[in-house]
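*Asks:* Quick one: this structure, given as structure tokens, is what I'll be asking you about.
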Amino acid sequence: MTTRFTPVKGAVVGVDVGGTFTDLFYFDEAEGQFRTAKVSSNRGDEATGFLEGLKTFGDVADLGSIVHGTTVGTNALLERKGARTALITTKGFRDVLEMRRRDRLNTWGLWGDFTPVIERDLRFEVTERVLADGSIDTSVDLDEVRQAVTAAIAAGAEAIAVCFINAYANPANELAALEAVRAAWPNDNVASSAEILPEIREFERTSTTALNAYLQPVVGGYLGKLSAALAGENFAGRFHIVQSNGGVMSTDTARKLPVRTALSGPAAGVIAAAAISREAGYPNIITGDLGGTSFDVSLVVDGETSLAAQTTIDFGLVVRTPMIEITTIGAGGGSIAHVDAGGLLQVGPESAGSRPGPVAYGQGNTRPTLTDANIVLGRINAERPIGGKLARLDVEAAKAAIEEHVARPTGLGVMEAAEAIVKVADGRMAGAIRLVSIERGHDPAKFVAVPFGGGGALHAGALIKDVGLQAALIPRYPGINSALGCVIADIRHDQVQTVNLTVDALDTAALNARMVEEADAARKVVEDAGLQMERIDIVFELDMHYVGQTHTVSVPLPVSIENGSTGLTRETVQKAFDAAYQASFSRLLPGLAAKIVNLRTAAIGRRPRFDLKTLAPGADCSLETARTGTRSVWFDGGWHETAIFARLDLPVGAVVEGPAILEQPDATVLVDPDLSARVDELGNVILERK
């Protein structure tokens, strides 16, 4: 292969740390060579598996850069295991985090409990007031700020957030308070809304700032351990983190803005899936990442990932920062199957996780999981478990657990019960896919599923049939897909600034100056990342709506900076808004004034293109050598003698008729009896109806 670019130093490694396995993708940029690895994760001591995986590629000191997708922030939010945090806010706004928006935990009924991540005794009010027009009505009382800091420290707070009511319009009071806080606070875990989200709407701004502070000690401590472990191996290269928007940032930025890592790991997988499918000729895809605890679904239209300006990680935990739109349900390989009080079979959301894991792992769990059902059905090879974590899996123990907890309560046989577990899980996954496609106006028949993670390819066939998808594309290394996404992701930094003016009242010269200033600041953050880039693109968007409306539409601006100006005019803004509004709602509202709420600026450092043909099968592969034998596998109520293939040995153009199983070290591909599989020129497996 022709080398497309020269590394800064050594190879780049993408690392995705999951609950069960740590996945790694190594790419030698100079030689165009790659390797993969999958090692066990150590929950609570992730640095051990992290280093173990890196060492499979040789001396860690020889690596040029490491890009890491992490779920530490996600888990801390979901499990409410962040730091003890304090909040300093404007007098009268102590309870913004608790009041939220007019939402409720349960759709039917007004009952339900919500506990903010910052308890009320640690939310302090101080005298200050900035009006909505930016004028200072009352200067901040710094003595009250210092008293609040003293009280927070005495109460054992590990982090502190500062968020004043109208700091987006004028941050002077908040910045003065921030200076006083930093002078007295014992560590660097200090977050300010003026630095994190200078955007209108107090709840979203307060929530994002509070969650950032809540995560700083957790994510910062985790990254500190990894950095120390790498330093102990004499690693002198660059260490970066994948953001929730699919871009990459430095670890220094991640420590300051850990809230931007909330969907880091899943986002990397979507980036890789989008790149693979574009190259393979399938621009419209629905990704499905099936790991040990969850099934993460995302929609990619015309080759572009969908970014949401705001995401709710869990009820009431709102993060207002660009993230790839990902829908998550509790239906992973470790999801526990049980019969509820009404006699209905359920799978998840409770999970056995990595410890103790499925019953067949022999680590103490006695309740059956989705993985146990696939093992009993013969779909997973008990003699060759993925990842090399165990020598073999205990099929009999899995059968006994299904017999006790599912078969007897439902009156089914063991095999019928195992198949029922899989079908219930398939139904839940199909529901998640319908949620992101049909319910958003997209026809699934025009989309291709791209399943990845350790278990995604086991369920692709069922999803094609249940949802009516066009086909499924199984990446060359589905179990390592998120680690590959870490390697190919661009560097990205997003900024937002509230404008709050109608188009008619817009001072275009002032907006131009602000856009140039925002672009320069964002560009500097990207340049400081230190990774090799072909160029840096600056992208501008406006959040706009008609006067009187609440919700906004994203309006891309077709402008670029030349000679210190974007050349933006009111006519350009109005035309762009009309186009975006028409595309979203199929109509305009003549006579109403259009209003600019926020300016969004993104600097994107484009990484050198990764040649996916590098992953393709070699010329020595053949269908005959790939076939390793047969075994009995349960499909549709009975046993079928099923051909087994070594997936990575299948040549380009090979066609395998179902029923068949394609095995590889990082995943298993199931080809249902009424489907066929073919290998494309990139080594992807395309599952289609016969």
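In the structure tokens, chains take the letters A, B, ... in the order shown, each chain's residues start at 1, and ligands count up from 1 in the order shown.
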Identify, on the basis of only C-alpha atoms, every residue whose closest approach to segment 156-163 of chain A does not exceed 7 Å; exclude the query and any residue fewer than 3 positions from it along the same chain; express the result as an MDAnalysis selection string.
*Replies:* chainID A and resid 83:89 152:153 174 178 189:193 206 209:210 213:214
*Asks:* Could those selected residues go to a file with N, CA and C atoms, as a PDB file, in the first residue's frame?
*Replies:*
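Listed below is the output, selection-v1.pdb:
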```
ATOM      1  N   ALA A  83     -18.144  13.354  42.100  1.00  0.00           N
ATOM      2  CA  ALA A  83     -17.572  13.946  43.306  1.00  0.00           C
ATOM      3  C   ALA A  83     -18.625  14.713  44.105  1.00  0.00           C
ATOM      4  N   ARG A  84     -18.372  14.882  45.368  1.00  0.00           N
ATOM      5  CA  ARG A  84     -19.211  15.745  46.206  1.00  0.00           C
ATOM      6  C   ARG A  84     -18.958  17.177  45.744  1.00  0.00           C
ATOM      7  N   THR A  85     -20.012  17.836  45.267  1.00  0.00           N
ATOM      8  CA  THR A  85     -19.853  19.099  44.550  1.00  0.00           C
ATOM      9  C   THR A  85     -20.691  20.193  45.188  1.00  0.00           C
ATOM     10  N   ALA A  86     -20.181  21.432  45.128  1.00  0.00           N
ATOM     11  CA  ALA A  86     -20.903  22.610  45.619  1.00  0.00           C
ATOM     12  C   ALA A  86     -21.227  23.532  44.446  1.00  0.00           C
ATOM     13  N   LEU A  87     -22.204  24.404  44.651  1.00  0.00           N
ATOM     14  CA  LEU A  87     -22.614  25.369  43.626  1.00  0.00           C
ATOM     15  C   LEU A  87     -22.761  26.741  44.250  1.00  0.00           C
ATOM     16  N   ILE A  88     -22.207  27.751  43.583  1.00  0.00           N
ATOM     17  CA  ILE A  88     -22.424  29.147  43.971  1.00  0.00           C
ATOM     18  C   ILE A  88     -23.231  29.799  42.857  1.00  0.00           C
ATOM     19  N   THR A  89     -24.387  30.387  43.223  1.00  0.00           N
ATOM     20  CA  THR A  89     -25.264  30.961  42.209  1.00  0.00           C
ATOM     21  C   THR A  89     -25.892  32.258  42.710  1.00  0.00           C
ATOM     22  N   ALA A 152     -18.310  25.413  51.798  1.00  0.00           N
ATOM     23  CA  ALA A 152     -18.245  24.243  50.919  1.00  0.00           C
ATOM     24  C   ALA A 152     -17.076  23.339  51.296  1.00  0.00           C
ATOM     25  N   ILE A 153     -15.935  23.957  51.578  1.00  0.00           N
ATOM     26  CA  ILE A 153     -14.760  23.174  51.976  1.00  0.00           C
ATOM     27  C   ILE A 153     -15.028  22.462  53.296  1.00  0.00           C
ATOM     28  N   GLU A 174     -19.524  36.941  37.249  1.00  0.00           N
ATOM     29  CA  GLU A 174     -19.150  35.537  37.438  1.00  0.00           C
ATOM     30  C   GLU A 174     -17.646  35.351  37.386  1.00  0.00           C
ATOM     31  N   LEU A 178     -15.320  33.877  40.184  1.00  0.00           N
ATOM     32  CA  LEU A 178     -14.465  32.734  39.851  1.00  0.00           C
ATOM     33  C   LEU A 178     -13.039  32.965  40.327  1.00  0.00           C
ATOM     34  N   ASN A 189     -10.489  21.658  40.634  1.00  0.00           N
ATOM     35  CA  ASN A 189     -11.832  21.219  40.258  1.00  0.00           C
ATOM     36  C   ASN A 189     -12.842  22.349  40.439  1.00  0.00           C
ATOM     37  N   VAL A 190     -12.735  23.341  39.568  1.00  0.00           N
ATOM     38  CA  VAL A 190     -13.594  24.522  39.596  1.00  0.00           C
ATOM     39  C   VAL A 190     -14.176  24.716  38.203  1.00  0.00           C
ATOM     40  N   ALA A 191     -15.498  24.865  38.115  1.00  0.00           N
ATOM     41  CA  ALA A 191     -16.161  25.039  36.818  1.00  0.00           C
ATOM     42  C   ALA A 191     -16.982  26.319  36.821  1.00  0.00           C
ATOM     43  N   SER A 192     -16.954  27.023  35.703  1.00  0.00           N
ATOM     44  CA  SER A 192     -17.694  28.276  35.567  1.00  0.00           C
ATOM     45  C   SER A 192     -18.539  28.230  34.305  1.00  0.00           C
ATOM     46  N   SER A 193     -19.802  28.649  34.398  1.00  0.00           N
ATOM     47  CA  SER A 193     -20.678  28.616  33.224  1.00  0.00           C
ATOM     48  C   SER A 193     -20.190  29.570  32.142  1.00  0.00           C
ATOM     49  N   THR A 206     -26.821  25.808  34.046  1.00  0.00           N
ATOM     50  CA  THR A 206     -26.477  25.378  35.408  1.00  0.00           C
ATOM     51  C   THR A 206     -26.230  23.874  35.458  1.00  0.00           C
ATOM     52  N   THR A 209     -22.853  22.995  33.772  1.00  0.00           N
ATOM     53  CA  THR A 209     -21.731  23.447  34.598  1.00  0.00           C
ATOM     54  C   THR A 209     -21.588  22.582  35.848  1.00  0.00           C
ATOM     55  N   ALA A 210     -22.713  22.270  36.487  1.00  0.00           N
ATOM     56  CA  ALA A 210     -22.683  21.435  37.698  1.00  0.00           C
ATOM     57  C   ALA A 210     -22.162  20.038  37.379  1.00  0.00           C
ATOM     58  N   ALA A 213     -18.373  20.030  36.891  1.00  0.00           N
ATOM     59  CA  ALA A 213     -17.653  20.021  38.174  1.00  0.00           C
ATOM     60  C   ALA A 213     -17.770  18.649  38.848  1.00  0.00           C
ATOM     61  N   TYR A 214     -18.948  18.050  38.781  1.00  0.00           N
ATOM     62  CA  TYR A 214     -19.221  16.734  39.373  1.00  0.00           C
ATOM     63  C   TYR A 214     -18.296  15.657  38.809  1.00  0.00           C
TER      64      TYR A 214
END
```
*Asks:* DSSP says strand (DSSP E or B) for which residues of segment 303-547 of chain A? Put them as a ChimeraX atom specification?
*Replies:* /A:304-305,307-308,311-314,317-319,323-324,327-329,335-339,345-351,369,448-452,471-474,491-502,535-546
*Asks:* Find the spatial neighbours of Val450 of chain A, counting only C-alpha atoms, within a cut-off of 7 Å - ignore same-chain residues fewer than 6 positions away - and output them as number ranges by chain.
*Replies:* A: 273, 285-288, 472-474
*Asks:* Near Ser139 of chain A, counting only C-alpha atoms, which residues have an atom at most 7 Å away, once you skip same-chain residues fewer than 5 positions from it, shown as a compact mmCIF listing (two decimals) with C-alpha atoms, in the first residue's frame?
*Replies:*
```txt
# COMPACT_ATOMS: atom_id res chain seq x y z
CA GLU A 128 -25.22 39.81 42.38
CA ARG A 129 -27.40 40.69 39.42
CA ASN A 173 -19.66 39.28 37.93
```
*Asks:* Using only C-alpha atoms, which residues of segment 305-396 of chain A come within 7 Å of segment 403-411 of chain A, and what is the closest atom pair for each, with the distance in Å to one decimal? Give it as JSON lines, sorted by chain and residue number.
*Replies:*
```
{"residue": "A:His338", "atom": "CA", "partner": "A:Val406", "partner_atom": "CA", "distance": 6.3}
{"residue": "A:Val339", "atom": "CA", "partner": "A:Val406", "partner_atom": "CA", "distance": 6.4}
{"residue": "A:Arg367", "atom": "CA", "partner": "A:His405", "partner_atom": "CA", "distance": 6.9}
```
*Asks:* Keeping C-alpha atoms for every residue in the selection just given, could you write it to a file as a PDB file, in the first residue's frame?
*Replies:*
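The resulting file, out.pdb, is shown below:
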```pdb
ATOM      1  CA  HIS A 338     -36.171 -13.020  34.178  1.00  0.00           C
ATOM      2  CA  VAL A 339     -39.904 -13.633  34.400  1.00  0.00           C
ATOM      3  CA  ARG A 367     -29.067 -15.850  36.652  1.00  0.00           C
TER       4      ARG A 367
END
```
*Asks:* Please, what distance in Å, to one decimal, runs between atom CA of Arg678 of chain A and atom CA of Asp443 of chain A?
*Replies:*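 Pair atom CA of Arg678 of chain A / atom CA of Asp443 of chain A returns 24.1 Å.
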*Asks:* Between A:Ala11, A:Val679, A:Val414, A:Leu670, which has the minimum distance to Leu463 of chain A (counting only C-alpha atoms)?
*Replies:* A:Leu670
*Asks:* Using DSSP on the backbone coordinates, identify the residues of segment 402-484 of chain A assigned to alpha helix (DSSP H); present them as a PyMOL selection string.
*Replies:* chain A and resi 402+408-410+414-436+460-467+481-484
*Asks:* Could you pull the residues within 12 Å of Val60 of chain A, counting only C-alpha atoms, minus those fewer than 5 positions along the same chain, as a PDB file with C-alpha atoms, in the first residue's frame?
*Replies:*
```pdb
ATOM      1  CA  GLY A  10       5.800   5.906  15.861  1.00  0.00           C
ATOM      2  CA  ALA A  11       2.350   4.371  15.625  1.00  0.00           C
ATOM      3  CA  VAL A  12      -1.079   5.580  16.744  1.00  0.00           C
ATOM      4  CA  VAL A  13      -3.216   3.320  18.942  1.00  0.00           C
ATOM      5  CA  TYR A  26      -2.763  -0.238  16.371  1.00  0.00           C
ATOM      6  CA  PHE A  50      -4.977  -0.404  29.300  1.00  0.00           C
ATOM      7  CA  LEU A  51      -1.233  -1.064  29.644  1.00  0.00           C
ATOM      8  CA  GLU A  52      -1.570  -4.801  29.091  1.00  0.00           C
ATOM      9  CA  GLY A  53      -3.217  -4.123  25.747  1.00  0.00           C
ATOM     10  CA  LEU A  54      -0.627  -1.557  24.689  1.00  0.00           C
ATOM     11  CA  LYS A  55       2.201  -3.966  25.515  1.00  0.00           C
ATOM     12  CA  SER A  65       0.106   8.778  20.052  1.00  0.00           C
ATOM     13  CA  ILE A  66      -2.741   7.135  21.944  1.00  0.00           C
ATOM     14  CA  ALA A 229       1.101   4.587  34.079  1.00  0.00           C
ATOM     15  CA  LEU A 230       2.188   5.696  30.605  1.00  0.00           C
ATOM     16  CA  ALA A 231       4.966   7.839  32.070  1.00  0.00           C
ATOM     17  CA  GLY A 232       6.139   4.773  33.967  1.00  0.00           C
ATOM     18  CA  GLU A 233       6.587   3.069  30.589  1.00  0.00           C
ATOM     19  CA  ASN A 234       8.560   6.098  29.285  1.00  0.00           C
ATOM     20  CA  PHE A 235       5.788   7.056  26.865  1.00  0.00           C
ATOM     21  CA  ALA A 236       6.618  10.503  25.493  1.00  0.00           C
ATOM     22  CA  GLY A 237       3.992  10.771  22.747  1.00  0.00           C
ATOM     23  CA  ARG A 238       0.561  12.391  22.714  1.00  0.00           C
TER      24      ARG A 238
END
```
*Asks:* Could you give me, as a PyMOL selection string, the residues within 8 Å of segment 638-653 of chain A, counting only C-alpha atoms and dropping anything in the same chain fewer than 3 positions from it?
*Replies:* chain A and resi 476+616-623+625-635+658-664+678-683
*Asks:* Write the residues of the preceding selection, restricted to C-alpha atoms, as an mmCIF file, in the first residue's frame.
*Replies:*
```
data_model
loop_
_atom_site.group_PDB
_atom_site.id
_atom_site.type_symbol
_atom_site.label_atom_id
_atom_site.label_comp_id
_atom_site.auth_asym_id
_atom_site.auth_seq_id
_atom_site.Cartn_x
_atom_site.Cartn_y
_atom_site.Cartn_z
ATOM 1 C CA ARG A 476 -14.105 -6.272 9.306
ATOM 2 C CA ALA A 616 -9.193 -6.061 3.318
ATOM 3 C CA PRO A 617 -8.483 -9.837 3.124
ATOM 4 C CA GLY A 618 -5.145 -10.901 1.633
ATOM 5 C CA ALA A 619 -4.737 -12.603 -1.740
ATOM 6 C CA ASP A 620 -4.031 -15.950 -0.026
ATOM 7 C CA CYS A 621 -7.546 -16.197 1.472
ATOM 8 C CA SER A 622 -9.993 -18.738 0.055
ATOM 9 C CA LEU A 623 -13.459 -20.084 0.831
ATOM 10 C CA THR A 625 -9.410 -22.801 3.743
ATOM 11 C CA ALA A 626 -11.831 -20.552 5.657
ATOM 12 C CA ARG A 627 -14.279 -23.394 6.288
ATOM 13 C CA THR A 628 -13.426 -25.034 9.615
ATOM 14 C CA GLY A 629 -16.276 -27.547 9.983
ATOM 15 C CA THR A 630 -19.880 -27.709 11.136
ATOM 16 C CA ARG A 631 -21.878 -27.843 14.354
ATOM 17 C CA SER A 632 -25.514 -28.022 15.368
ATOM 18 C CA VAL A 633 -27.134 -24.621 15.964
ATOM 19 C CA TRP A 634 -30.706 -23.975 17.079
ATOM 20 C CA PHE A 635 -32.840 -21.879 14.674
ATOM 21 C CA GLY A 658 -27.116 -19.464 5.694
ATOM 22 C CA PRO A 659 -27.285 -21.141 8.061
ATOM 23 C CA ALA A 660 -23.646 -20.377 8.821
ATOM 24 C CA ILE A 661 -21.471 -18.906 11.539
ATOM 25 C CA LEU A 662 -18.433 -16.754 10.851
ATOM 26 C CA GLU A 663 -16.035 -16.741 13.795
ATOM 27 C CA GLN A 664 -13.214 -14.306 14.531
ATOM 28 C CA ARG A 678 -20.922 -11.860 0.952
ATOM 29 C CA VAL A 679 -17.534 -10.256 1.477
ATOM 30 C CA ASP A 680 -17.013 -6.843 -0.163
ATOM 31 C CA GLU A 681 -13.694 -5.396 -1.319
ATOM 32 C CA LEU A 682 -13.013 -3.824 2.096
ATOM 33 C CA GLY A 683 -13.530 -7.134 3.907
#
```
*Asks:* With only C-alpha atoms as the counted atoms, please give the residues lying no more than 7 Å from segment 34-46 of chain A, apart from itself and same-chain residues fewer than 6 positions off, as a PDB file with N, CA and C atoms, in the first residue's frame.
*Replies:*
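Dumped to part_5.pdb:
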```pdb
ATOM      1  N   VAL A  17     -11.994   1.319  26.284  1.00  0.00           N
ATOM      2  CA  VAL A  17     -12.101   0.540  27.520  1.00  0.00           C
ATOM      3  C   VAL A  17     -13.566   0.294  27.834  1.00  0.00           C
ATOM      4  N   GLY A  18     -14.003  -0.942  27.723  1.00  0.00           N
ATOM      5  CA  GLY A  18     -15.370  -1.322  28.063  1.00  0.00           C
ATOM      6  C   GLY A  18     -15.415  -2.011  29.404  1.00  0.00           C
ATOM      7  N   GLY A  19     -16.635  -2.369  29.825  1.00  0.00           N
ATOM      8  CA  GLY A  19     -16.788  -3.016  31.122  1.00  0.00           C
ATOM      9  C   GLY A  19     -16.187  -4.401  31.173  1.00  0.00           C
ATOM     10  N   THR A  20     -16.197  -5.124  30.035  1.00  0.00           N
ATOM     11  CA  THR A  20     -15.685  -6.491  30.000  1.00  0.00           C
ATOM     12  C   THR A  20     -14.316  -6.568  29.346  1.00  0.00           C
ATOM     13  N   PHE A  21     -14.163  -5.891  28.210  1.00  0.00           N
ATOM     14  CA  PHE A  21     -12.911  -5.958  27.466  1.00  0.00           C
ATOM     15  C   PHE A  21     -12.372  -4.563  27.157  1.00  0.00           C
ATOM     16  N   THR A  22     -11.057  -4.501  27.022  1.00  0.00           N
ATOM     17  CA  THR A  22     -10.390  -3.315  26.500  1.00  0.00           C
ATOM     18  C   THR A  22      -9.951  -3.642  25.081  1.00  0.00           C
ATOM     19  N   ASP A  23     -10.458  -2.869  24.124  1.00  0.00           N
ATOM     20  CA  ASP A  23     -10.184  -3.109  22.707  1.00  0.00           C
ATOM     21  C   ASP A  23      -9.156  -2.115  22.197  1.00  0.00           C
ATOM     22  N   LEU A  24      -8.226  -2.604  21.365  1.00  0.00           N
ATOM     23  CA  LEU A  24      -7.155  -1.742  20.858  1.00  0.00           C
ATOM     24  C   LEU A  24      -6.968  -1.941  19.365  1.00  0.00           C
ATOM     25  N   PHE A  25      -6.725  -0.832  18.665  1.00  0.00           N
ATOM     26  CA  PHE A  25      -6.411  -0.869  17.239  1.00  0.00           C
ATOM     27  C   PHE A  25      -5.113  -0.091  17.032  1.00  0.00           C
ATOM     28  N   TYR A  26      -4.104  -0.806  16.567  1.00  0.00           N
ATOM     29  CA  TYR A  26      -2.763  -0.238  16.371  1.00  0.00           C
ATOM     30  C   TYR A  26      -2.559   0.028  14.883  1.00  0.00           C
ATOM     31  N   PHE A  27      -2.098   1.242  14.551  1.00  0.00           N
ATOM     32  CA  PHE A  27      -1.845   1.560  13.150  1.00  0.00           C
ATOM     33  C   PHE A  27      -0.492   2.252  13.023  1.00  0.00           C
ATOM     34  N   ASP A  28       0.401   1.611  12.275  1.00  0.00           N
ATOM     35  CA  ASP A  28       1.712   2.184  11.975  1.00  0.00           C
ATOM     36  C   ASP A  28       1.542   3.083  10.757  1.00  0.00           C
ATOM     37  N   GLY A  53      -2.893  -4.157  27.167  1.00  0.00           N
ATOM     38  CA  GLY A  53      -3.217  -4.123  25.747  1.00  0.00           C
ATOM     39  C   GLY A  53      -2.151  -3.431  24.925  1.00  0.00           C
ATOM     40  N   GLY A 387     -11.916 -12.817  22.872  1.00  0.00           N
ATOM     41  CA  GLY A 387     -11.074 -12.063  23.790  1.00  0.00           C
ATOM     42  C   GLY A 387     -10.062 -12.878  24.559  1.00  0.00           C
ATOM     43  N   LYS A 389     -10.406 -14.393  27.272  1.00  0.00           N
ATOM     44  CA  LYS A 389     -10.518 -14.211  28.721  1.00  0.00           C
ATOM     45  C   LYS A 389     -10.619 -15.550  29.448  1.00  0.00           C
TER      46      LYS A 389
END
```
*Asks:* Measuring atom to atom with only C-alpha atoms, identify which of A:Leu78, A:Leu687, A:Leu393, A:Ala167 is nearest to Asp674 of chain A.
*Replies:*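 Residue with the minimum atom-to-atom distance to Asp674 of chain A: A:Leu687.
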*Asks:* Please determine, counting only C-alpha atoms, which residue among A:Asn166, A:Gln549, A:Thr150, A:Ser351 has the shortest atom-to-atom distance to Ile200 of chain A.
*Replies:*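 Smallest separation from Ile200 of chain A among the options: A:Asn166.
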*Asks:* Kindly indicate which residue among A:Ala432, A:Ile596, A:Leu63, A:Met323 lies nearest to Ser294 of chain A, using only C-alpha atoms for the distances.
*Replies:*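 For Ser294 of chain A, the nearest of the given residues is A:Ala432.
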*Asks:* What does the structure give for the distance between atom CA of Thr668 of chain A and atom CA of Ala449 of chain A, in Å to one decimal?
*Replies:* 16.0 Å
